[in-house]
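Novice: Encoded as structure tokens, here's the structure I'll be asking about.
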Amino acid sequence: MDENSQHTPGAGHEETDINVWAVGKFAVALALVAAAALFLLVGLFRYFFRAKGPPAGRSQVAASEPVKAFPQPQLQQSEVLDLKAVRAAEDQVLNSYAWIDPEKGVVRIPIDRAMDLLVERGLPVRAGEVK
């Protein structure tokens with residue numbers, strides 16, 4: 001028998017690439033560690049639940065007064081009404097007169113009136129500039 005007759009191309013498999021026993025041992029060890037971690041966590045949750053107990057009255061407070069039960073920020077209860085309130089407040093600011101700084105004589109005027117004044121008076125021009 002010569003060397004070429006023992007190793008024909010395409011026959012068999014490579015036996016030196018992987019150690020099947022090492023991979024199998026690792027898989028079994030990984031499964032055991034995962035199971036141990038699961039049991040430890042279940043025991044830890046049970047210990048904490050017994051030590052502290054369930055939250056007292058939390059569900060009753062949340063059902064009766066949701067605003068007092070949860071801290072800020074809270075989810076909106078009625079988005080449409082909230083948006084209407086915001087827009088109404090903006091419209092009130094944009095369409096009303098108010099003092100911004102009385103000492104300096106700065107006031108807020110409605111947008112329509114400001115545009116009319118701008119058309120009447122024109123834009124301010126610095127001295128020395130040519131129109």
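Each chain in the structure tokens gets a letter, A, B, ..., in the order shown, and its residues are numbered from 1; ligands are numbered from 1 in order too.
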With only C-alpha atoms as the counted atoms, please give the residues lying no more than 7 Å from Pro110 in chain A, apart from itself and same-chain residues fewer than 4 positions off, as a list in words.
Specialist: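 Selected residues are Leu94, Asn95, Ser96, Tyr97 and Ala114 of chain A.
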Novice: Would you mind listing what lies within 12 Å of Ala98 in chain A as number ranges by chain, with only C-alpha atoms counted and same-chain residues fewer than 6 positions away left out?
Specialist: A: 92, 105-110
Novice: What does the distance between CA of Asp116 in chain A and CA of Trp99 in chain A come to in Å, to one decimal place?
Specialist: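 Atom-to-atom, CA of Asp116 in chain A to CA of Trp99 in chain A, that is 19.5 Å.
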Novice: CA of Ala88 in chain A and CA of Glu120 in chain A, how far apart in Å?
Specialist: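 Between CA of Glu120 in chain A and CA of Ala88 in chain A the gap is 29.3 Å.
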Novice: How many Å separate CA of Val86 in chain A from CA of Leu117 in chain A?
Specialist: 27.7 Å
Novice: Would you return as a PyMOL selection string the members of range 86-120 of chain A that DSSP assigns to helix (DSSP H, G or I) on this structure's backbone?
Specialist: chain A and resi 86-94+111-120
